[in-house]
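Peer 1: Data: input.txt, compact mmCIF, C-alpha atoms.
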```txt
# COMPACT_ATOMS: atom_id res chain seq x y z
CA MET D 904 34.41 -26.59 -44.76
CA ASN D 905 35.70 -25.47 -41.38
CA ARG D 906 32.38 -26.53 -39.85
CA ARG D 907 32.63 -29.96 -41.39
CA ARG D 908 36.15 -30.62 -40.20
CA GLY D 909 35.07 -29.53 -36.73
CA THR D 910 32.30 -32.10 -36.64
CA THR D 911 34.71 -34.99 -36.91
CA ALA D 912 34.97 -35.28 -33.15
CA SER D 913 31.25 -35.79 -32.68
CA ALA D 914 30.95 -38.00 -35.72
CA LEU D 915 33.87 -40.21 -34.75
CA LEU D 916 33.63 -40.60 -31.02
CA GLY D 917 31.95 -37.57 -29.42
CA LEU D 918 34.26 -36.22 -26.75
CA SER D 919 31.50 -34.76 -24.61
CA LEU D 920 29.60 -38.04 -24.71
CA ALA D 921 32.67 -40.15 -24.17
CA LEU D 922 33.07 -39.11 -20.55
CA THR D 923 29.46 -40.06 -19.84
CA LEU D 924 29.05 -43.18 -21.89
CA LEU D 925 32.37 -44.77 -21.04
CA GLY D 926 31.79 -45.01 -17.29
CA THR D 927 31.84 -41.61 -15.59
CA GLY D 928 28.11 -41.23 -14.91
CA PRO D 929 26.42 -40.87 -11.49
CA ALA D 930 27.22 -43.38 -8.76
CA THR D 931 24.68 -46.09 -7.98
CA ALA D 932 23.47 -47.28 -4.57
CA ALA D 933 26.45 -49.63 -4.49
CA PRO D 934 29.14 -47.30 -5.77
CA SER D 935 32.24 -48.55 -7.43
CA THR D 936 35.11 -46.75 -9.06
CA PRO D 937 34.45 -46.61 -12.80
CA ALA D 938 37.26 -47.55 -15.10
CA PRO D 939 38.82 -44.60 -16.94
CA ALA D 940 37.40 -44.06 -20.39
CA SER D 941 40.71 -44.98 -21.97
CA GLU D 942 40.75 -48.34 -20.15
CA VAL D 943 37.24 -49.19 -21.33
CA ALA D 944 38.06 -48.16 -24.89
CA ALA D 945 41.30 -50.13 -24.80
CA ALA D 946 39.35 -53.26 -23.91
CA THR D 947 36.99 -52.75 -26.87
CA GLU D 948 37.74 -54.70 -30.02
CA LEU D 949 36.60 -52.78 -33.07
CA ALA D 950 35.65 -54.46 -36.33
CA LEU D 951 34.46 -53.24 -39.69
CA PRO D 952 31.25 -54.63 -41.25
CA ARG D 953 31.68 -57.91 -43.05
CA PRO D 954 31.72 -57.53 -46.85
CA GLY D 955 28.60 -58.81 -48.61
CA GLY D 956 30.00 -60.20 -51.87
CA ARG D 957 30.98 -63.72 -52.82
CA HIS D 958 34.73 -63.07 -53.11
CA ALA D 959 37.30 -62.99 -50.37
CA VAL D 960 39.26 -59.73 -50.35
CA GLY D 961 42.98 -59.29 -50.87
CA THR D 962 44.98 -56.12 -50.40
CA GLN D 963 48.35 -54.53 -50.95
CA THR D 964 49.61 -51.07 -50.07
CA LEU D 965 51.43 -49.13 -52.77
CA HIS D 966 53.72 -46.12 -52.55
CA LEU D 967 53.50 -44.25 -55.84
CA THR D 968 55.64 -41.29 -56.89
CA ASP D 969 54.86 -39.16 -59.93
CA PRO D 970 58.25 -37.89 -61.17
CA GLY D 971 56.50 -35.67 -63.71
CA ARG D 972 54.70 -33.51 -61.14
CA ARG D 973 55.84 -31.45 -58.19
CA ASP D 974 53.83 -31.54 -55.01
CA PRO D 975 51.42 -28.57 -54.87
CA TRP D 976 52.04 -28.02 -51.13
CA VAL D 977 55.76 -28.84 -50.93
CA PRO D 978 57.17 -27.85 -54.34
CA SER D 979 60.62 -29.23 -53.51
CA ALA D 980 59.19 -32.77 -53.60
CA ASP D 981 57.68 -34.98 -56.30
CA ARG D 982 54.01 -35.80 -55.78
CA GLU D 983 53.62 -38.93 -53.64
CA LEU D 984 50.60 -41.08 -52.92
CA MET D 985 49.85 -43.99 -50.61
CA VAL D 986 47.32 -46.35 -52.14
CA SER D 987 45.51 -49.29 -50.61
CA VAL D 988 44.48 -51.64 -53.41
CA TYR D 989 41.69 -54.13 -52.61
CA TYR D 990 40.82 -56.89 -55.04
CA PRO D 991 38.74 -60.06 -55.39
CA ALA D 992 40.71 -62.98 -54.00
CA HIS D 993 40.40 -66.73 -53.62
CA ARG D 994 38.81 -67.99 -50.44
CA PRO D 995 41.52 -69.11 -47.99
CA ALA D 996 42.29 -72.78 -48.41
CA GLY D 997 45.76 -73.27 -47.04
CA PRO D 998 48.97 -71.31 -47.59
CA GLY D 999 48.94 -68.09 -49.61
CA GLY D 1000 48.55 -64.53 -48.44
CA GLY D 1001 49.24 -62.97 -45.12
CA GLY D 1002 47.03 -62.07 -42.20
CA SER D 1003 44.30 -59.46 -41.97
CA ALA D 1004 45.31 -56.03 -43.14
CA ALA D 1005 45.88 -53.33 -40.55
CA TYR D 1006 43.28 -50.58 -40.41
CA MET D 1007 45.86 -47.84 -39.93
CA THR D 1008 49.18 -47.42 -38.18
CA PRO D 1009 49.25 -46.50 -34.48
CA GLU D 1010 50.82 -43.15 -35.35
CA GLU D 1011 48.13 -42.37 -37.91
CA ALA D 1012 45.49 -43.20 -35.31
CA ARG D 1013 47.24 -41.12 -32.66
CA LEU D 1014 47.38 -38.07 -34.90
CA LEU D 1015 43.74 -38.43 -35.89
CA LEU D 1016 42.58 -38.69 -32.28
CA GLU D 1017 44.90 -35.94 -31.08
CA SER D 1018 43.68 -33.54 -33.74
CA ARG D 1019 40.14 -33.94 -32.40
CA GLY D 1020 40.99 -33.64 -28.71
CA LEU D 1021 40.39 -37.35 -28.13
CA ASP D 1022 43.83 -38.42 -26.98
CA GLY D 1023 43.46 -39.94 -23.54
CA VAL D 1024 39.84 -40.87 -24.25
CA VAL D 1025 40.34 -43.57 -26.85
CA PRO D 1026 43.80 -45.16 -27.18
CA ALA D 1027 45.35 -44.98 -30.61
CA GLY D 1028 46.03 -48.70 -30.43
CA THR D 1029 42.31 -49.46 -30.16
CA VAL D 1030 41.55 -47.63 -33.43
CA ALA D 1031 44.67 -48.88 -35.22
CA ALA D 1032 43.77 -52.49 -34.34
CA THR D 1033 40.29 -52.31 -35.87
CA ARG D 1034 39.65 -55.69 -37.51
CA THR D 1035 39.35 -55.57 -41.29
CA HIS D 1036 38.28 -58.26 -43.74
CA ALA D 1037 41.09 -58.13 -46.29
CA ARG D 1038 44.13 -60.41 -46.33
CA VAL D 1039 47.52 -59.02 -47.26
CA ASP D 1040 48.86 -60.43 -50.56
CA ALA D 1041 45.99 -62.91 -50.92
CA ARG D 1042 45.95 -64.81 -54.22
CA PRO D 1043 43.88 -62.84 -56.77
CA ALA D 1044 40.73 -64.38 -58.19
CA PRO D 1045 40.86 -65.04 -61.94
CA GLY D 1046 39.17 -62.66 -64.33
CA ARG D 1047 39.05 -58.98 -65.21
CA PHE D 1048 37.13 -56.56 -63.03
CA PRO D 1049 35.97 -52.95 -63.00
CA LEU D 1050 38.22 -50.45 -61.21
CA VAL D 1051 36.93 -47.92 -58.67
CA VAL D 1052 39.18 -45.17 -57.28
CA LEU D 1053 38.27 -43.64 -53.89
CA SER D 1054 39.32 -40.31 -52.39
CA PRO D 1055 38.66 -39.38 -48.72
CA GLY D 1056 37.54 -36.11 -47.18
CA PHE D 1057 39.95 -33.23 -46.66
CA SER D 1058 42.28 -34.00 -43.70
CA MET D 1059 40.85 -37.52 -43.42
CA PRO D 1060 42.96 -40.63 -44.13
CA ARG D 1061 42.00 -43.16 -46.80
CA SER D 1062 41.32 -45.71 -44.05
CA THR D 1063 37.98 -44.01 -43.32
CA LEU D 1064 36.65 -45.54 -46.56
CA THR D 1065 37.90 -49.08 -45.87
CA SER D 1066 34.47 -50.66 -45.34
CA LEU D 1067 33.26 -49.46 -48.74
CA ALA D 1068 36.49 -50.56 -50.40
CA ASN D 1069 36.33 -54.04 -48.83
CA ASP D 1070 32.69 -54.50 -49.78
CA LEU D 1071 33.21 -53.44 -53.40
CA ALA D 1072 36.18 -55.78 -53.75
CA SER D 1073 34.11 -58.67 -52.39
CA ARG D 1074 31.57 -57.95 -55.14
CA GLY D 1075 34.11 -58.14 -57.93
CA TYR D 1076 35.85 -54.76 -58.21
CA VAL D 1077 39.47 -53.70 -57.94
CA VAL D 1078 39.43 -50.70 -55.60
CA ALA D 1079 42.16 -48.12 -55.03
CA ALA D 1080 41.76 -45.94 -51.91
CA VAL D 1081 44.17 -43.02 -52.12
CA ASP D 1082 45.94 -40.88 -49.52
CA HIS D 1083 47.10 -37.61 -51.09
CA ALA D 1084 50.38 -36.39 -49.57
CA TYR D 1085 50.13 -33.46 -47.13
CA GLU D 1086 46.31 -33.52 -47.24
CA SER D 1087 45.52 -35.76 -44.26
CA ILE D 1088 46.04 -35.37 -40.53
CA GLY D 1089 48.72 -38.03 -40.80
CA THR D 1090 49.75 -40.62 -43.38
CA SER D 1091 52.64 -43.07 -42.99
CA PHE D 1092 55.07 -43.21 -45.91
CA PRO D 1093 58.09 -45.48 -46.44
CA GLY D 1094 61.23 -44.76 -44.50
CA GLY D 1095 59.41 -44.01 -41.26
CA ARG D 1096 58.03 -40.72 -42.58
CA VAL D 1097 54.62 -39.53 -41.40
CA LEU D 1098 53.37 -36.65 -43.54
CA THR D 1099 50.85 -34.33 -41.90
CA CYS D 1100 48.37 -31.85 -43.34
CA THR D 1101 50.53 -29.06 -44.68
CA ALA D 1102 47.62 -28.10 -46.95
CA CYS D 1103 45.01 -27.73 -44.21
CA GLU D 1104 45.80 -24.34 -42.72
CA ARG D 1105 46.81 -22.92 -46.08
CA VAL D 1106 43.64 -23.95 -47.87
CA GLU D 1107 41.29 -23.08 -45.05
CA SER D 1108 42.77 -19.59 -44.83
CA THR D 1109 42.27 -18.98 -48.56
CA GLY D 1110 39.16 -21.07 -49.20
CA ASP D 1111 40.79 -22.44 -52.35
CA TYR D 1112 39.27 -25.90 -52.19
CA ALA D 1113 39.08 -26.02 -55.97
CA ARG D 1114 42.86 -26.35 -55.95
CA VAL D 1115 42.54 -29.47 -53.80
CA ALA D 1116 39.87 -31.03 -56.03
CA VAL D 1117 41.82 -30.40 -59.23
CA GLY D 1118 45.09 -31.62 -57.73
CA ARG D 1119 43.42 -34.80 -56.56
CA ALA D 1120 41.93 -35.33 -60.01
CA HIS D 1121 45.48 -35.44 -61.36
CA ASP D 1122 46.44 -37.84 -58.57
CA LEU D 1123 43.59 -40.19 -59.43
CA SER D 1124 44.40 -40.13 -63.15
CA PHE D 1125 47.97 -41.10 -62.26
CA VAL D 1126 46.70 -44.00 -60.12
CA ILE D 1127 44.53 -45.17 -63.01
CA ASP D 1128 47.59 -45.02 -65.28
CA ARG D 1129 49.49 -47.28 -62.90
CA LEU D 1130 46.65 -49.77 -62.38
CA THR D 1131 45.79 -50.28 -66.03
CA THR D 1132 47.77 -51.60 -68.95
CA ALA D 1133 48.77 -49.51 -71.93
CA SER D 1134 47.14 -51.81 -74.47
CA GLY D 1135 45.43 -55.01 -73.49
CA ALA D 1136 45.95 -57.75 -70.96
CA THR D 1137 49.47 -58.63 -72.05
CA ALA D 1138 51.01 -55.14 -71.95
CA ARG D 1139 53.95 -54.92 -69.55
CA THR D 1140 54.47 -51.15 -69.22
CA VAL D 1141 52.39 -48.05 -68.54
CA GLN D 1142 53.86 -44.81 -69.89
CA GLY D 1143 57.34 -46.33 -69.79
CA ARG D 1144 56.98 -47.75 -66.27
CA PRO D 1145 56.38 -51.40 -65.35
CA ALA D 1146 52.69 -52.24 -65.07
CA LEU D 1147 51.57 -53.33 -61.62
CA PRO D 1148 50.22 -56.87 -61.14
CA TYR D 1149 46.65 -55.57 -60.80
CA ALA D 1150 46.80 -54.30 -64.37
CA ARG D 1151 46.00 -57.83 -65.49
CA MET D 1152 42.89 -57.82 -63.28
CA VAL D 1153 41.49 -54.45 -64.35
CA ASP D 1154 39.14 -53.95 -67.26
CA PRO D 1155 40.18 -50.46 -68.49
CA ARG D 1156 36.80 -49.99 -70.18
CA ARG D 1157 35.01 -50.02 -66.80
CA ILE D 1158 36.36 -47.40 -64.40
CA GLY D 1159 34.49 -45.45 -61.74
CA ALA D 1160 35.36 -42.85 -59.12
CA ALA D 1161 33.83 -41.95 -55.77
CA GLY D 1162 34.77 -39.87 -52.77
CA HIS D 1163 33.62 -38.40 -49.50
CA SER D 1164 33.41 -34.62 -49.02
CA ILE D 1165 36.14 -33.01 -51.13
CA GLY D 1166 36.93 -36.52 -52.37
CA GLY D 1167 33.51 -36.40 -54.06
CA ALA D 1168 34.42 -33.09 -55.68
CA SER D 1169 37.64 -34.76 -56.84
CA ALA D 1170 35.66 -37.57 -58.50
CA ALA D 1171 33.73 -34.95 -60.51
CA ALA D 1172 36.90 -33.02 -61.38
CA LEU D 1173 38.49 -36.30 -62.48
CA MET D 1174 35.60 -37.09 -64.82
CA ALA D 1175 35.85 -33.62 -66.34
CA ARG D 1176 39.49 -34.32 -67.26
CA ASP D 1177 39.72 -38.07 -67.83
CA GLN D 1178 37.43 -39.75 -70.35
CA ARG D 1179 38.43 -43.18 -69.07
CA VAL D 1180 36.24 -42.69 -65.98
CA GLY D 1181 32.74 -43.83 -66.89
CA ALA D 1182 30.80 -43.14 -63.67
CA GLY D 1183 31.21 -40.92 -60.61
CA LEU D 1184 29.73 -40.50 -57.14
CA ASN D 1185 29.94 -37.66 -54.61
CA LEU D 1186 29.23 -38.48 -50.95
CA ASP D 1187 28.20 -35.26 -49.19
CA GLY D 1188 30.79 -33.00 -50.81
CA GLY D 1189 30.58 -29.63 -52.47
CA PHE D 1190 31.92 -29.36 -56.01
CA PHE D 1191 34.18 -26.26 -55.61
CA GLU D 1192 35.41 -26.70 -59.19
CA PRO D 1193 32.34 -26.10 -61.43
CA LEU D 1194 31.46 -28.86 -63.86
CA PRO D 1195 32.02 -28.10 -67.55
CA GLU D 1196 29.16 -26.15 -69.13
CA ASP D 1197 28.62 -28.96 -71.62
CA GLY D 1198 28.50 -31.60 -68.87
CA LEU D 1199 30.32 -34.92 -68.63
CA ASP D 1200 29.60 -36.25 -72.13
CA GLY D 1201 26.55 -38.13 -70.91
CA ARG D 1202 28.40 -40.12 -68.27
CA PRO D 1203 26.40 -40.96 -65.11
CA PHE D 1204 26.86 -39.21 -61.79
CA LEU D 1205 25.21 -39.66 -58.38
CA MET D 1206 25.11 -37.14 -55.51
CA MET D 1207 24.24 -38.51 -52.06
CA GLY D 1208 24.31 -36.32 -48.97
CA THR D 1209 22.72 -35.14 -45.78
CA GLU D 1210 19.21 -33.73 -45.78
CA THR D 1211 20.30 -30.74 -43.70
CA THR D 1212 23.11 -29.63 -46.00
CA HIS D 1213 22.25 -30.86 -49.46
CA SER D 1214 18.52 -30.46 -49.88
CA PRO D 1215 17.43 -28.33 -52.88
CA GLY D 1216 17.28 -24.66 -52.04
CA GLY D 1217 19.98 -24.89 -49.40
CA GLN D 1218 23.28 -23.07 -49.41
CA ASN D 1219 25.14 -25.60 -51.53
CA ASP D 1220 26.32 -25.89 -55.12
CA TRP D 1221 24.44 -29.07 -56.00
CA SER D 1222 21.75 -27.25 -58.00
CA ALA D 1223 24.40 -25.74 -60.27
CA ALA D 1224 26.08 -29.13 -60.68
CA TRP D 1225 22.75 -30.84 -61.35
CA ALA D 1226 21.98 -28.39 -64.17
CA ARG D 1227 25.22 -29.29 -65.93
CA LEU D 1228 25.02 -33.06 -65.54
CA ASP D 1229 23.95 -34.25 -68.97
CA GLY D 1230 23.62 -38.01 -68.47
CA TRP D 1231 21.97 -40.39 -66.01
CA LYS D 1232 21.90 -38.59 -62.65
CA ARG D 1233 20.44 -38.88 -59.17
CA TRP D 1234 20.30 -36.46 -56.24
CA LEU D 1235 19.71 -38.31 -52.97
CA THR D 1236 19.47 -36.97 -49.43
CA VAL D 1237 19.47 -39.02 -46.24
CA THR D 1238 17.34 -38.08 -43.24
CA GLY D 1239 19.19 -38.42 -39.95
CA ALA D 1240 22.62 -38.38 -41.59
CA GLU D 1241 25.58 -36.20 -40.67
CA HIS D 1242 28.65 -35.38 -42.77
CA PHE D 1243 30.64 -38.45 -41.68
CA THR D 1244 27.69 -40.83 -41.95
CA PHE D 1245 29.12 -42.02 -45.27
CA THR D 1246 32.42 -43.23 -43.78
CA ASP D 1247 33.57 -45.86 -41.26
CA LEU D 1248 33.43 -43.44 -38.35
CA PRO D 1249 29.84 -43.99 -37.12
CA VAL D 1250 30.40 -47.76 -37.16
CA LEU D 1251 33.42 -47.39 -34.89
CA ALA D 1252 31.66 -44.92 -32.61
CA ASP D 1253 28.73 -47.30 -32.08
CA GLN D 1254 31.06 -50.09 -31.01
CA LEU D 1255 32.56 -47.78 -28.41
CA GLY D 1256 29.10 -47.13 -26.98
CA LEU D 1257 29.01 -43.55 -28.25
CA ALA D 1258 26.32 -41.63 -30.06
CA ASP D 1259 26.15 -38.37 -31.97
CA PRO D 1260 22.94 -36.39 -31.35
CA ALA D 1261 23.48 -34.60 -34.65
CA ALA D 1262 23.19 -37.93 -36.50
CA PRO D 1263 20.23 -40.08 -35.33
CA LEU D 1264 21.15 -42.89 -37.73
CA THR D 1265 23.02 -45.75 -36.09
CA GLY D 1266 26.43 -46.70 -37.40
CA GLN D 1267 25.03 -49.95 -38.82
CA ARG D 1268 22.23 -48.15 -40.65
CA SER D 1269 24.62 -45.49 -41.93
CA TRP D 1270 26.79 -48.23 -43.36
CA GLN D 1271 23.86 -50.11 -44.91
CA LEU D 1272 22.46 -47.07 -46.71
CA THR D 1273 25.82 -45.92 -48.04
CA ARG D 1274 26.76 -49.43 -49.17
CA ASP D 1275 23.42 -50.16 -50.82
CA TYR D 1276 23.33 -47.07 -53.01
CA LEU D 1277 27.02 -47.06 -53.85
CA THR D 1278 27.04 -50.71 -54.90
CA ALA D 1279 23.79 -50.26 -56.83
CA PHE D 1280 25.25 -47.29 -58.69
CA PHE D 1281 28.42 -49.07 -59.77
CA GLY D 1282 26.50 -52.29 -60.40
CA LEU D 1283 24.29 -50.47 -62.88
CA HIS D 1284 26.91 -48.37 -64.62
CA LEU D 1285 30.03 -50.54 -64.53
CA ARG D 1286 28.36 -53.95 -64.75
CA GLY D 1287 25.12 -53.20 -66.55
CA THR D 1288 23.03 -54.94 -63.90
CA PRO D 1289 19.52 -53.46 -63.42
CA GLN D 1290 19.14 -51.76 -60.04
CA PRO D 1291 15.51 -50.98 -59.08
CA LEU D 1292 16.82 -49.28 -55.93
CA LEU D 1293 17.92 -46.35 -58.11
CA ASP D 1294 14.55 -45.92 -59.83
CA GLY D 1295 12.86 -44.08 -56.97
CA PRO D 1296 11.96 -44.13 -53.26
CA SER D 1297 12.20 -47.54 -51.58
CA ALA D 1298 10.11 -48.90 -48.70
CA GLY D 1299 13.24 -50.60 -47.41
CA HIS D 1300 15.20 -47.33 -47.43
CA PRO D 1301 12.72 -44.73 -46.15
CA GLU D 1302 15.50 -42.37 -45.03
CA VAL D 1303 16.57 -41.75 -48.64
CA ALA D 1304 14.76 -39.08 -50.67
CA PHE D 1305 15.08 -38.57 -54.43
CA ARG D 1306 15.44 -34.86 -55.13
CA GLN D 1307 14.99 -32.40 -57.96
CA PRO D 1308 16.10 -28.73 -57.77
```
Can you give me the file's structure in the form of structure tokens?

Peer 2:
Amino acid sequence: MNRRRGTTASALLGLSLALTLLGTGPATAAPSTPAPASEVAAATELALPRPGGRHAVGTQTLHLTDPGRRDPWVPSADRELMVSVYYPAHRPAGPGGGGSAAYMTPEEARLLLESRGLDGVVPAGTVAATRTHARVDARPAPGRFPLVVLSPGFSMPRSTLTSLANDLASRGYVVAAVDHAYESIGTSFPGGRVLTCTACERVESTGDYARVAVGRAHDLSFVIDRLTTASGATARTVQGRPALPYARMVDPRRIGAAGHSIGGASAAALMARDQRVGAGLNLDGGFFEPLPEDGLDGRPFLMMGTETTHSPGGQNDWSAAWARLDGWKRWLTVTGAEHFTFTDLPVLADQLGLADPAAPLTGQRSWQLTRDYLTAFFGLHLRGTPQPLLDGPSAGHPEVAFRQP
């Protein structure tokens, strides 16, 4: 896990390449003074990929507190979560809804860049201003939709999964991307608080990543509680608390979970504890917490990761997990991928003119592959739509291999 956190710099922006690719290379025959890397990056306007579904996307940010559970890292506090909810919305046609949602706050961006030694190379404002495709408080589309909960990698903010969340919402899902308090480099909470990764040093010194996965499983169950009704579309409370507006949009019979890195382990741990979750997906994460010996009661699960780390026979725990999965299952590896291929980070790096030699896939191709298999998986298992892409190798996706242990 230490190795994976350390690769964030190359996966996001590549500090060693930044100095070369942002204007500090050899002088030409007609020399000129190159602009500092930070000036070039500041002039770059970043944008996430456009969602591919028919719906516009609306969003709201929720601050949720679980008064029944103390925080595992700061026991004096109740467990808190920041949740970005994305949902199918009406196409803009006049008043209603605010502007485009922010990607992250400037302070969140600053802390992320600083933690990777990239402060002074890429301004925090450039990353924070990344253009998204969701409108704040947009008018929800009518109907009831499947719910997907998303959990990011350890120390990573929920914003790194924004492209996937936006795309799913455009295809008719309510999506909840969750920041778990004290488990990211920096997350902004109400009242001007920015909570940093209290858990990072503690967990990395002990190796107790199972504690993180199990704790997040409880977090995700709590989010599901708050985003679903107690009994039907007209229920007004959830476990004694007012139901949120999205509860009327969510079909509680169709719930899925996905995550990157330890967020993927959290999706599996959630399914082991919460029968409401009908399908799960792990993007390049270990499991840490072993699956139950008797499996997941036949519920489907997909594992998608890098060829270098998650091929059969490697030093990973996917073979053990595969043996216990007792329903529909797929084990996919991606040639040319790196750990952060399955997030927004390669897309942003490409727009800054950077490349990661450890990940030959372009940002656009990384996004396409991740999107195609994730949306196919949830389309099949939460919507019942046939997905030939999941039946075996595809000529249009030659980088993806179907594995068996």

Peer 1: What's around D:Ser1058 at 9 Å? Count all atoms listed in the file, leave out sequence neighbours fewer than 6 positions away in its own chain, and write the answer as an NGL selection string.

Peer 2: :D and (908 or 1085-1089 or 1099-1100 or 1102-1103)

Peer 1: Using only C-alpha atoms, which residues sit within 6 Å of stretch 1065-1077 of chain D once same-chain residues fewer than 4 positions away are excluded, as a PDB file with C-alpha atoms, in the coordinates of the input?

Peer 2:
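So the final result, stored in part_1.pdb, reads:
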```pdb
ATOM      1  CA  PRO D 954      31.720 -57.530 -46.850  1.00  0.00           C
ATOM      2  CA  GLY D 956      30.000 -60.200 -51.870  1.00  0.00           C
ATOM      3  CA  ARG D 957      30.980 -63.720 -52.820  1.00  0.00           C
ATOM      4  CA  HIS D 958      34.730 -63.070 -53.110  1.00  0.00           C
ATOM      5  CA  ALA D 959      37.300 -62.990 -50.370  1.00  0.00           C
ATOM      6  CA  VAL D 960      39.260 -59.730 -50.350  1.00  0.00           C
ATOM      7  CA  TYR D 989      41.690 -54.130 -52.610  1.00  0.00           C
ATOM      8  CA  TYR D 990      40.820 -56.890 -55.040  1.00  0.00           C
ATOM      9  CA  PRO D 991      38.740 -60.060 -55.390  1.00  0.00           C
ATOM     10  CA  PHE D1048      37.130 -56.560 -63.030  1.00  0.00           C
ATOM     11  CA  PRO D1049      35.970 -52.950 -63.000  1.00  0.00           C
ATOM     12  CA  LEU D1050      38.220 -50.450 -61.210  1.00  0.00           C
TER      13      LEU D1050
END
```

Peer 1: Give me, please, the distance in Å between atom CA of D:Tyr1149 and atom CA of D:Ala1161, quoted to one decimal.

Peer 2: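 Value for the atom CA of D:Tyr1149-atom CA of D:Ala1161 distance: 19.4 Å.
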
Peer 1: Counting all atoms listed in the file, what is within 9 Å of stretch 1203-1219 of chain D, bar same-chain residues fewer than 2 positions away, as a ChimeraX atom specification?

Peer 2: /D:1167,1171,1181-1190,1199,1201,1221-1223,1225,1228-1242,1244-1245,1273,1276-1277,1280,1284,1303-1304,1306-1308

Peer 1: Mind checking which residues fall within 9 Å of D:Arg1119, counting only C-alpha atoms, ignoring those fewer than 6 positions away in the same chain, and posting them as a ChimeraX atom specification?

Peer 2: /D:1054,1083,1166,1169-1170,1172-1173

Peer 1: List every protein, DNA or RNA residue that has an atom no more than 10 Å from (24.1, -45.6, -33.7) in the file's coordinate frame, counting all atoms listed in the file, and report them as a list in words.

Peer 2: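 Those residues lying close to the given coordinates are Pro1249, Val1250, Leu1251, Ala1252, Asp1253, Gln1254, Gly1256, Leu1257, Ala1258, Asp1259, Pro1260, Ala1262, Pro1263, Leu1264, Thr1265, Gly1266, Gln1267, Arg1268 and Ser1269 of chain D.
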
Peer 1: Would you compute the distance between atom CA of D:Glu1196 and atom CA of D:Leu1053? Give it in Å to one decimal.

Peer 2: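 Between atom CA of D:Glu1196 and atom CA of D:Leu1053 the gap is 24.9 Å.
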
Peer 1: From the list D:Gln1178, D:Met1152, D:Leu1283, D:Asp1247, which residue is nearest D:Gly1046 when using all atoms listed in the file?

Peer 2: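 Of D:Gln1178, D:Met1152, D:Leu1283, D:Asp1247, the one nearest D:Gly1046, counting all atoms listed in the file, is D:Met1152.
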
Peer 1: Generate the coordinates of N, CA and C atoms for stretch 1205-1219 of chain D; report them as a CSV table (one decimal), in the coordinates of the input.

Peer 2:
```
chain,number,residue,atom,x,y,z
D,1205,LEU,N,26.1,-39.6,-59.5
D,1205,LEU,CA,25.2,-39.7,-58.4
D,1205,LEU,C,25.7,-38.8,-57.3
D,1206,MET,N,24.8,-38.0,-56.7
D,1206,MET,CA,25.1,-37.1,-55.5
D,1206,MET,C,24.3,-37.7,-54.3
D,1207,MET,N,24.9,-38.0,-53.2
D,1207,MET,CA,24.2,-38.5,-52.1
D,1207,MET,C,24.8,-37.8,-50.8
D,1208,GLY,N,23.8,-37.1,-50.1
D,1208,GLY,CA,24.3,-36.3,-49.0
D,1208,GLY,C,23.3,-36.2,-47.9
D,1209,THR,N,23.6,-35.3,-46.9
D,1209,THR,CA,22.7,-35.1,-45.8
D,1209,THR,C,21.5,-34.3,-46.2
D,1210,GLU,N,20.4,-34.5,-45.5
D,1210,GLU,CA,19.2,-33.7,-45.8
D,1210,GLU,C,19.4,-32.3,-45.3
D,1211,THR,N,20.1,-32.1,-44.2
D,1211,THR,CA,20.3,-30.7,-43.7
D,1211,THR,C,21.2,-29.9,-44.6
D,1212,THR,N,22.2,-30.4,-45.2
D,1212,THR,CA,23.1,-29.6,-46.0
D,1212,THR,C,22.8,-29.6,-47.5
D,1213,HIS,N,22.3,-30.7,-48.0
D,1213,HIS,CA,22.2,-30.9,-49.5
D,1213,HIS,C,20.8,-31.0,-50.0
D,1214,SER,N,19.9,-30.5,-49.3
D,1214,SER,CA,18.5,-30.5,-49.9
D,1214,SER,C,18.4,-29.3,-50.9
D,1215,PRO,N,17.6,-29.4,-51.9
D,1215,PRO,CA,17.4,-28.3,-52.9
D,1215,PRO,C,17.0,-27.0,-52.2
D,1216,GLY,N,17.6,-25.9,-52.6
D,1216,GLY,CA,17.3,-24.7,-52.0
D,1216,GLY,C,18.2,-24.3,-50.9
D,1217,GLY,N,19.0,-25.2,-50.5
D,1217,GLY,CA,20.0,-24.9,-49.4
D,1217,GLY,C,21.2,-24.1,-49.9
D,1218,GLN,N,22.1,-23.8,-49.0
D,1218,GLN,CA,23.3,-23.1,-49.4
D,1218,GLN,C,24.4,-24.1,-49.8
D,1219,ASN,N,24.2,-24.7,-51.0
D,1219,ASN,CA,25.1,-25.6,-51.5
D,1219,ASN,C,25.2,-25.4,-53.0
```
